[in-house]
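Novice: Below is the file data_28.txt, which contains compact mmCIF, C-alpha atoms.
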# COMPACT_ATOMS: atom_id res chain seq x y z
CA MET A 1 98.26 102.67 112.27
CA GLU A 2 101.08 100.20 112.65
CA ILE A 3 104.39 99.29 111.04
CA LYS A 4 106.61 96.25 111.60
CA GLU A 5 110.10 95.51 110.34
CA LYS A 6 111.42 91.99 109.71
CA LEU A 7 114.90 90.85 108.70
CA LEU A 8 114.60 88.08 106.10
CA SER A 9 116.95 85.11 105.93
CA ASN A 10 118.63 86.53 102.79
CA GLY A 11 119.45 89.79 104.56
CA TRP A 12 116.69 91.89 103.03
CA LYS A 13 114.36 93.93 105.21
CA LYS A 14 110.60 93.63 104.92
CA PHE A 15 108.29 96.37 106.17
CA THR A 16 104.60 95.72 106.79
CA PHE A 17 102.35 98.67 107.57
CA SER A 18 98.60 99.00 108.01
CA ASN A 19 95.90 101.61 108.51
CA ASN A 20 92.76 101.49 110.66
CA LYS A 21 90.53 100.44 107.76
CA GLY A 22 91.92 96.94 107.14
CA ILE A 23 94.57 97.71 104.51
CA THR A 24 98.01 96.18 104.98
CA ILE A 25 100.98 96.76 102.66
CA SER A 26 104.30 94.87 102.62
CA VAL A 27 107.44 96.18 100.91
CA LEU A 28 111.10 95.16 100.65
CA ASP A 29 114.23 97.28 100.84
CA TYR A 30 115.43 95.25 97.82
CA GLY A 31 114.16 97.15 94.78
CA GLY A 32 111.57 98.95 96.88
CA ILE A 33 109.41 96.00 95.87
CA ILE A 34 105.75 95.97 96.92
CA THR A 35 104.95 92.33 97.69
CA GLU A 36 101.44 92.74 99.07
CA ILE A 37 98.59 95.22 99.18
CA ASN A 38 95.86 93.52 101.19
CA VAL A 39 92.48 95.27 100.97
CA PRO A 40 88.90 94.33 101.91
CA ASP A 41 86.28 93.38 99.32
CA GLN A 42 82.63 94.41 99.57
CA LYS A 43 82.01 91.62 102.15
CA GLY A 44 85.05 92.59 104.23
CA THR A 45 87.25 89.72 103.05
CA ILE A 46 90.87 90.92 102.98
CA GLU A 47 93.02 89.69 100.09
CA ASN A 48 96.17 90.67 98.21
CA VAL A 49 95.46 92.79 95.10
CA VAL A 50 98.98 92.79 93.62
CA LEU A 51 100.86 89.84 92.15
CA SER A 52 103.54 88.36 94.40
CA TYR A 53 106.04 85.56 93.96
CA LYS A 54 105.83 82.37 95.99
CA ASP A 55 109.41 82.84 97.21
CA TYR A 56 111.66 85.87 97.62
CA ASP A 57 114.47 84.47 95.45
CA SER A 58 112.24 84.91 92.39
CA TYR A 59 112.58 88.69 92.74
CA ILE A 60 116.35 88.63 92.18
CA ASN A 61 116.33 88.14 88.41
CA ASP A 62 112.70 88.93 87.77
CA PRO A 63 111.93 89.60 84.09
CA ASN A 64 108.49 90.90 85.10
CA TYR A 65 109.70 93.54 87.62
CA PHE A 66 106.91 92.58 90.06
CA GLY A 67 106.20 95.49 92.40
CA ALA A 68 109.58 97.14 91.86
CA LEU A 69 110.73 100.75 91.78
CA ILE A 70 111.88 101.53 88.24
CA GLY A 71 114.62 103.96 87.20
CA ARG A 72 116.47 105.87 86.11
CA VAL A 73 114.16 105.75 83.10
CA ALA A 74 111.01 103.65 83.11
CA GLY A 75 110.22 102.05 79.76
CA ARG A 76 112.28 101.33 76.66
CA VAL A 77 114.99 103.64 75.34
CA GLU A 78 115.44 103.09 71.62
CA GLY A 79 118.84 101.79 70.57
CA ALA A 80 120.04 101.96 74.20
CA SER A 81 121.37 105.45 73.48
CA PHE A 82 120.44 109.12 73.35
CA SER A 83 122.03 112.50 72.74
CA LEU A 84 122.02 115.27 75.33
CA ASN A 85 123.76 118.65 75.18
CA GLY A 86 125.73 117.55 72.12
CA LYS A 87 127.00 114.32 73.65
CA GLU A 88 126.01 110.73 72.88
CA TYR A 89 125.31 108.40 75.82
CA ASN A 90 125.28 104.62 75.50
CA LEU A 91 123.11 102.66 77.92
CA ASP A 92 122.83 99.04 79.00
CA ALA A 93 121.13 97.08 76.22
CA ASN A 94 119.02 94.57 78.15
CA ASP A 95 116.03 94.29 75.81
CA GLY A 96 117.44 93.32 72.44
CA ASP A 97 119.17 96.43 71.12
CA ASN A 98 117.23 98.64 73.51
CA SER A 99 117.46 99.58 77.18
CA LEU A 100 114.54 98.67 79.42
CA HIS A 101 113.70 100.04 82.89
CA GLY A 102 117.13 101.48 83.67
CA GLY A 103 119.24 98.65 82.26
CA LYS A 104 120.87 95.59 83.73
CA GLN A 105 121.33 97.15 87.17
CA GLY A 106 118.28 99.36 87.45
CA PHE A 107 116.73 100.69 90.65
CA ASN A 108 114.78 97.42 90.92
CA LYS A 109 118.05 95.71 91.92
CA LYS A 110 119.24 98.20 94.52
CA ILE A 111 119.17 97.72 98.27
CA TRP A 112 117.54 100.99 99.31
CA GLU A 113 118.15 102.78 102.58
CA ALA A 114 114.82 102.45 104.38
CA SER A 115 113.38 104.64 107.14
CA PRO A 116 109.96 103.63 108.48
CA PHE A 117 107.65 106.33 109.88
CA GLN A 118 104.34 106.44 111.70
CA SER A 119 101.97 109.15 112.93
CA SER A 120 98.32 109.42 113.89
CA THR A 121 97.37 110.10 110.25
CA ASP A 122 99.76 108.06 108.10
CA VAL A 123 102.33 105.30 108.08
CA GLY A 124 104.96 104.08 105.63
CA VAL A 125 108.58 103.91 104.56
CA VAL A 126 111.00 106.43 103.03
CA PHE A 127 113.49 104.86 100.61
CA THR A 128 116.66 106.68 99.52
CA CYS A 129 119.58 105.84 97.26
CA GLU A 130 122.42 107.47 95.34
CA SER A 131 122.83 106.81 91.63
CA PRO A 132 126.40 107.67 90.57
CA HIS A 133 127.43 109.41 87.35
CA LEU A 134 127.16 107.06 84.34
CA GLU A 135 125.33 104.34 86.26
CA GLY A 136 123.58 102.39 83.51
CA GLY A 137 125.17 104.89 81.12
CA TYR A 138 123.19 107.89 82.37
CA PRO A 139 124.95 111.21 83.11
CA GLY A 140 124.92 112.92 86.46
CA SER A 141 125.05 111.89 90.10
CA VAL A 142 121.46 111.67 91.29
CA SER A 143 119.99 111.52 94.80
CA ILE A 144 116.67 109.66 94.91
CA LYS A 145 113.97 109.62 97.56
CA VAL A 146 110.76 107.57 97.26
CA THR A 147 108.09 107.62 99.96
CA TYR A 148 105.40 104.95 100.36
CA GLN A 149 102.63 106.35 102.55
CA LEU A 150 99.28 104.87 103.64
CA ASN A 151 96.53 106.87 105.35
CA ASN A 152 93.06 106.20 106.79
CA GLN A 153 91.35 107.45 103.64
CA ASN A 154 92.61 104.21 102.05
CA GLN A 155 95.05 106.19 99.94
CA PHE A 156 98.41 104.65 99.12
CA ILE A 157 100.57 107.59 98.09
CA VAL A 158 103.89 107.21 96.27
CA ASP A 159 106.07 110.33 96.19
CA TYR A 160 109.13 110.40 93.93
CA GLN A 161 111.86 112.99 94.49
CA ALA A 162 115.25 113.39 92.87
CA ILE A 163 117.97 115.93 92.19
CA SER A 164 120.92 115.66 89.79
CA ASP A 165 124.18 117.55 89.42
CA GLN A 166 123.90 117.32 85.61
CA ASP A 167 121.13 117.41 83.03
CA THR A 168 119.89 113.83 82.78
CA PRO A 169 116.84 111.80 81.76
CA ILE A 170 114.78 110.51 84.65
CA THR A 171 111.26 109.17 85.01
CA LEU A 172 110.46 106.93 87.95
CA THR A 173 107.53 104.58 88.44
CA ASN A 174 106.38 101.51 90.30
CA HIS A 175 105.78 98.22 88.48
CA SER A 176 103.10 96.56 90.61
CA TYR A 177 100.67 94.24 88.84
CA PHE A 178 97.14 94.85 90.11
CA ASN A 179 94.37 92.26 90.20
CA LEU A 180 91.33 93.35 92.20
CA SER A 181 89.77 89.87 92.29
CA GLY A 182 92.02 89.18 95.28
CA ASN A 183 94.82 86.61 95.47
CA ALA A 184 94.73 86.45 91.64
CA LYS A 185 91.63 84.23 91.67
CA ARG A 186 90.72 85.38 88.17
CA THR A 187 92.52 87.21 85.38
CA ILE A 188 91.98 90.93 84.83
CA CYS A 189 89.93 90.28 81.67
CA ASP A 190 86.64 90.96 83.48
CA HIS A 191 87.95 94.10 85.18
CA LYS A 192 86.33 97.32 84.03
CA MET A 193 88.65 100.20 83.23
CA LYS A 194 88.45 103.89 82.48
CA ILE A 195 91.38 106.12 81.47
CA ALA A 196 91.20 109.89 80.98
CA SER A 197 93.20 109.83 77.76
CA ASP A 198 92.40 110.56 74.13
CA ARG A 199 95.88 109.77 72.69
CA PHE A 200 98.24 106.82 72.80
CA VAL A 201 101.77 106.20 71.55
CA GLU A 202 102.13 103.91 68.54
CA LEU A 203 104.71 101.09 68.85
CA ASP A 204 106.80 99.15 66.34
CA GLU A 205 107.34 95.38 66.39
CA TYR A 206 110.02 95.77 69.09
CA LEU A 207 107.61 97.76 71.31
CA ILE A 208 109.57 100.93 70.63
CA PRO A 209 107.61 104.15 69.94
CA THR A 210 107.49 104.95 66.21
CA GLY A 211 107.25 108.69 66.89
CA ASN A 212 103.53 108.76 66.13
CA ILE A 213 100.97 109.83 68.72
CA ASN A 214 97.59 108.46 67.63
CA SER A 215 94.02 109.36 68.50
CA ASN A 216 92.20 106.80 70.63
CA GLN A 217 88.94 107.53 68.82
CA ASP A 218 87.25 104.40 67.39
CA THR A 219 90.07 102.11 68.53
CA PRO A 220 90.49 99.63 71.43
CA PHE A 221 92.60 102.37 73.06
CA ASP A 222 89.54 104.54 73.69
CA LEU A 223 88.92 103.79 77.36
CA ARG A 224 87.41 107.16 78.19
CA ASN A 225 84.19 105.32 79.00
CA GLU A 226 84.33 102.34 81.33
CA THR A 227 85.21 99.24 79.31
CA THR A 228 85.42 95.56 80.23
CA LEU A 229 88.98 94.60 79.31
CA LYS A 230 88.20 91.25 77.68
CA SER A 231 86.83 93.08 74.63
CA PRO A 232 89.89 95.18 73.70
CA LEU A 233 92.28 92.41 74.77
CA GLY A 234 90.63 90.15 72.22
CA SER A 235 90.78 92.77 69.46
CA ASP A 236 92.44 92.15 66.10
CA HIS A 237 93.78 95.72 66.10
CA SER A 238 97.40 95.57 64.92
CA GLN A 239 98.73 97.45 67.96
CA ILE A 240 97.00 95.05 70.35
CA GLN A 241 98.31 92.07 68.39
CA LEU A 242 101.95 93.17 68.26
CA ALA A 243 102.00 93.63 72.05
CA GLY A 244 100.97 90.00 72.54
CA ASN A 245 97.18 90.40 72.63
CA GLY A 246 97.08 93.25 75.05
CA TYR A 247 98.34 96.68 76.01
CA ASP A 248 101.96 97.70 76.53
CA HIS A 249 101.31 101.29 75.47
CA TYR A 250 101.77 104.81 76.76
CA PHE A 251 98.54 106.77 77.25
CA ILE A 252 98.82 110.58 77.41
CA PHE A 253 96.43 111.97 80.00
CA LYS A 254 93.97 114.73 79.32
CA GLU A 255 94.53 117.79 81.51
CA THR A 256 91.55 117.50 83.82
CA GLY A 257 91.03 117.63 87.54
CA GLU A 258 89.45 114.17 87.56
CA GLU A 259 91.10 110.89 88.41
CA GLN A 260 93.18 109.61 85.50
CA VAL A 261 92.37 105.92 85.96
CA THR A 262 89.55 103.86 87.44
CA LEU A 263 89.72 100.07 87.74
CA ARG A 264 86.77 98.03 89.01
CA ASP A 265 86.08 94.35 89.68
CA GLU A 266 82.38 93.48 89.79
CA ASP A 267 82.65 90.21 91.72
CA SER A 268 84.75 91.51 94.61
CA GLY A 269 83.29 95.01 94.53
CA ARG A 270 86.78 96.49 94.77
CA VAL A 271 87.58 99.79 93.06
CA LEU A 272 90.98 101.39 92.49
CA THR A 273 91.30 105.01 91.39
CA VAL A 274 94.55 106.67 90.40
CA HIS A 275 95.47 110.36 90.60
CA THR A 276 98.91 111.42 89.44
CA THR A 277 100.99 114.47 88.61
CA GLN A 278 102.66 112.47 85.82
CA PRO A 279 101.65 113.33 82.23
CA GLY A 280 100.84 109.78 81.18
CA MET A 281 100.94 106.08 81.93
CA VAL A 282 102.06 102.82 80.40
CA LEU A 283 99.25 100.29 80.69
CA TYR A 284 100.71 96.78 80.57
CA THR A 285 98.25 93.89 80.80
CA GLY A 286 100.61 91.05 81.69
CA ASN A 287 100.74 89.74 78.12
CA GLY A 288 104.00 87.87 78.80
CA LEU A 289 102.94 86.11 81.99
CA GLY A 290 102.66 82.30 82.02
CA ASP A 291 102.72 79.29 84.31
CA GLU A 292 106.53 79.28 84.47
CA PHE A 293 106.14 82.05 87.06
CA GLN A 294 105.04 80.75 90.48
CA LEU A 295 102.92 83.26 92.33
CA ALA A 296 102.00 83.14 96.00
CA SER A 297 98.52 82.22 94.75
CA GLY A 298 99.68 79.56 92.25
CA PRO A 299 101.00 79.52 88.67
CA ALA A 300 100.67 82.81 86.77
CA GLU A 301 98.77 83.00 83.50
CA LYS A 302 98.43 85.51 80.69
CA HIS A 303 96.66 88.63 81.98
CA SER A 304 97.07 87.64 85.65
CA GLY A 305 97.56 91.31 86.46
CA LEU A 306 98.04 94.76 84.96
CA CYS A 307 100.54 97.55 85.55
CA LEU A 308 99.68 101.24 85.86
CA GLU A 309 103.11 102.77 85.19
CA THR A 310 102.58 106.50 85.67
CA GLN A 311 105.56 108.28 84.12
CA ALA A 312 106.90 110.60 81.42
CA SER A 313 107.79 109.15 78.01
CA PRO A 314 111.27 107.81 77.13
CA ALA A 315 110.28 108.43 73.51
CA SER A 316 110.95 112.11 74.27
CA LEU A 317 114.67 111.29 74.07
CA HIS A 318 114.31 110.65 70.32
CA HIS A 319 111.13 112.39 69.18
CA ASP A 320 109.54 115.81 69.61
CA GLY A 321 106.08 116.26 71.08
CA PHE A 322 106.28 113.64 73.84
CA PRO A 323 106.05 114.30 77.61
CA SER A 324 109.64 115.06 78.52
CA ALA A 325 111.80 112.76 80.66
CA LEU A 326 114.59 115.34 80.97
CA LEU A 327 115.61 116.69 84.37
CA LYS A 328 117.75 119.83 84.45
CA ALA A 329 120.76 120.04 86.77
CA ALA A 330 119.90 121.16 90.32
CA GLU A 331 116.18 121.24 89.46
CA PRO A 332 114.03 119.19 91.84
CA TYR A 333 112.09 116.22 90.48
CA ASN A 334 108.80 115.86 92.35
CA LYS A 335 106.06 113.48 91.23
CA ARG A 336 103.17 111.90 93.07
CA THR A 337 100.84 109.02 92.30
CA THR A 338 97.94 108.20 94.63
CA PHE A 339 96.17 104.83 94.58
CA THR A 340 92.82 104.94 96.38
CA PHE A 341 91.05 101.70 97.29
CA ASP A 342 87.30 101.47 97.82
CA THR A 343 84.30 99.16 97.36
CA PHE A 344 80.89 99.60 95.77
Hey, can you dump this file as structure tokens for me?

Specialist:
Amino acid sequence: MEIKEKLLSNGWKKFTFSNNKGITISVLDYGGIITEINVPDQKGTIENVVLSYKDYDSYINDPNYFGALIGRVAGRVEGASFSLNGKEYNLDANDGDNSLHGGKQGFNKKIWEASPFQSSTDVGVVFTCESPHLEGGYPGSVSIKVTYQLNNQNQFIVDYQAISDQDTPITLTNHSYFNLSGNAKRTICDHKMKIASDRFVELDEYLIPTGNINSNQDTPFDLRNETTLKSPLGSDHSQIQLAGNGYDHYFIFKETGEEQVTLRDEDSGRVLTVHTTQPGMVLYTGNGLGDEFQLASGPAEKHSGLCLETQASPASLHHDGFPSALLKAAEPYNKRTTFTFDTF
């Protein structure tokens, strides 16, 4: 177990921590951004399995939110507004008429207070910040704590904690783009995926939930059995088409004790499994990526990586029946997502 801290030329801090099994993770205090997760393949070759920019400046106004902590509300809030306790709140409209990922100054743009830690069993960084009342338009002063923790079971654990002095919407996530091929050698189209979900949220042409929760049965959204992604990504299903030939959809998890997500790359032999206490996940397959974005590995391309955004649903602010994003005053917010890396 080891952790190192480095002060970058732009004033940001970079923390690099590793376990005894060959996994090394690098994160920034700016946005809590994960820049690297280096893991071995089946031959022991260690490569980065998340997308990273070639230079740090690209993270400053990043439309893709590479590796960032997202809040206060992950996802799109319809009309950049909502009503709570009889009062209307107007948010930053940074995605057309809607608010995306906390608005113009979301948690992805904060310099977080960072406290590295290390023990015989785990290593990582605790990030904290204060979000003042009406930041981004959201009510309540909120204290946030996010812990990145790596152990020798090759588990990367992300713990999200928060407490607010007023009722407020909150659902936090991380926006890393995974690609198990290593150093983005190939797209994720040949990755095999399994999701423990039998329902997904229907979107309109602006990628806003319509209010309908649809069955996955007999659609490209049925990933309950392991599926090679190139097939559904090439589907003519209207929901796949409107998202830009891919997924940008919320999957509601079944209530089981099994892992919610499994991702596997045949060539590298890498496997990623996800366990979470969140009720669902946005699967985004990098439909908007292109060669205008310079990665550490070279120009990006469509489907260079995919996001596993475990979270509640912002649609719950406008529609009944969705996993709630509402946090009551003085009630603790505690969520955990565990990413486990392995080979086969």

Novice: I need the residue nearest A:Ser99 from this list: A:Gly140, A:Gly124, A:Pro116, A:Pro314. Use only C-alpha atoms for the distance.

Specialist: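 Counting only C-alpha atoms, the residue closest to A:Ser99 is A:Pro314.
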
Novice: Which residue out of A:Gly290, A:Gly103, A:Gly11, A:Gly305 has the minimum interatomic distance to A:Lys185 when all atoms listed in the file are used?

Specialist: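 Counting all atoms listed in the file, the residue closest to A:Lys185 is A:Gly305.
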
Novice: So the first atom is atom CA of A:Ser120 and the second is atom CA of A:Ile157; what is the distance between them in Å, to one decimal place?

Specialist: 16.1 Å

Novice: Tell me which residues come within 7 Å of (102.3, 98.2, 105.0), as number ranges by chain, counting only C-alpha atoms in the file's coordinates.

Specialist: A: 3, 15-18, 24-27, 124

Novice: Pick the closest to A:Gly44 from A:Tyr89, A:Ser235, A:Leu8, A:Lys21: which is it, counting all atoms listed in the file?

Specialist: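 Ranked by minimum distance to A:Gly44, first place goes to A:Lys21.
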
Novice: With distances taken over all atoms listed in the file, which residue among A:Asp265, A:Glu301, A:Glu259, A:Glu202 lies nearest A:Phe322?

Specialist: A:Glu202

Novice: Residues at most 12 Å from A:Ser238, counting only C-alpha atoms, excluding those fewer than 2 positions away in the same chain, as a PyMOL selection string?

Specialist: chain A and resi 202-205+219-221+232-236+240-247

Novice: Take the residues from that selection and write them out as a short mmCIF file (atom, residue, chain, number, x, y, z; two decimals), in the coordinates of the input, keeping C-alpha atoms.

Specialist:
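Produced file out.cif, reproduced below:
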data_model
loop_
_atom_site.label_atom_id
_atom_site.label_comp_id
_atom_site.auth_asym_id
_atom_site.auth_seq_id
_atom_site.Cartn_x
_atom_site.Cartn_y
_atom_site.Cartn_z
CA GLU A 202 102.13 103.91 68.54
CA LEU A 203 104.71 101.09 68.85
CA ASP A 204 106.80 99.15 66.34
CA GLU A 205 107.34 95.38 66.39
CA THR A 219 90.07 102.11 68.53
CA PRO A 220 90.49 99.63 71.43
CA PHE A 221 92.60 102.37 73.06
CA PRO A 232 89.89 95.18 73.70
CA LEU A 233 92.28 92.41 74.77
CA GLY A 234 90.63 90.15 72.22
CA SER A 235 90.78 92.77 69.46
CA ASP A 236 92.44 92.15 66.10
CA ILE A 240 97.00 95.05 70.35
CA GLN A 241 98.31 92.07 68.39
CA LEU A 242 101.95 93.17 68.26
CA ALA A 243 102.00 93.63 72.05
CA GLY A 244 100.97 90.00 72.54
CA ASN A 245 97.18 90.40 72.63
CA GLY A 246 97.08 93.25 75.05
CA TYR A 247 98.34 96.68 76.01
#

Novice: For the point (117.0, 87.5, 102.4) in the file's frame, write as a PDB file with C-alpha atoms, in the coordinates of the input all residues with an atom no more than 12 Å away, counting only C-alpha atoms.

Specialist:
ATOM      1  CA  LYS A   6     111.420  91.990 109.710  1.00  0.00           C
ATOM      2  CA  LEU A   7     114.900  90.850 108.700  1.00  0.00           C
ATOM      3  CA  LEU A   8     114.600  88.080 106.100  1.00  0.00           C
ATOM      4  CA  SER A   9     116.950  85.110 105.930  1.00  0.00           C
ATOM      5  CA  ASN A  10     118.630  86.530 102.790  1.00  0.00           C
ATOM      6  CA  GLY A  11     119.450  89.790 104.560  1.00  0.00           C
ATOM      7  CA  TRP A  12     116.690  91.890 103.030  1.00  0.00           C
ATOM      8  CA  LYS A  13     114.360  93.930 105.210  1.00  0.00           C
ATOM      9  CA  LYS A  14     110.600  93.630 104.920  1.00  0.00           C
ATOM     10  CA  LEU A  28     111.100  95.160 100.650  1.00  0.00           C
ATOM     11  CA  ASP A  29     114.230  97.280 100.840  1.00  0.00           C
ATOM     12  CA  TYR A  30     115.430  95.250  97.820  1.00  0.00           C
ATOM     13  CA  ASP A  55     109.410  82.840  97.210  1.00  0.00           C
ATOM     14  CA  TYR A  56     111.660  85.870  97.620  1.00  0.00           C
ATOM     15  CA  ASP A  57     114.470  84.470  95.450  1.00  0.00           C
ATOM     16  CA  SER A  58     112.240  84.910  92.390  1.00  0.00           C
ATOM     17  CA  TYR A  59     112.580  88.690  92.740  1.00  0.00           C
ATOM     18  CA  ILE A  60     116.350  88.630  92.180  1.00  0.00           C
ATOM     19  CA  ILE A 111     119.170  97.720  98.270  1.00  0.00           C
TER      20      ILE A 111
END

Novice: Using all atoms listed in the file, which of A:Gly211, A:Gly79, A:Pro332, A:Pro63 sits nearest A:Ile144?

Specialist: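 Counting all atoms listed in the file, the residue closest to A:Ile144 is A:Pro332.
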
Novice: What separation in Å, quoted to one decimal, exists between atom CA of A:Gln161 and atom CA of A:Leu327?

Specialist: 11.4 Å
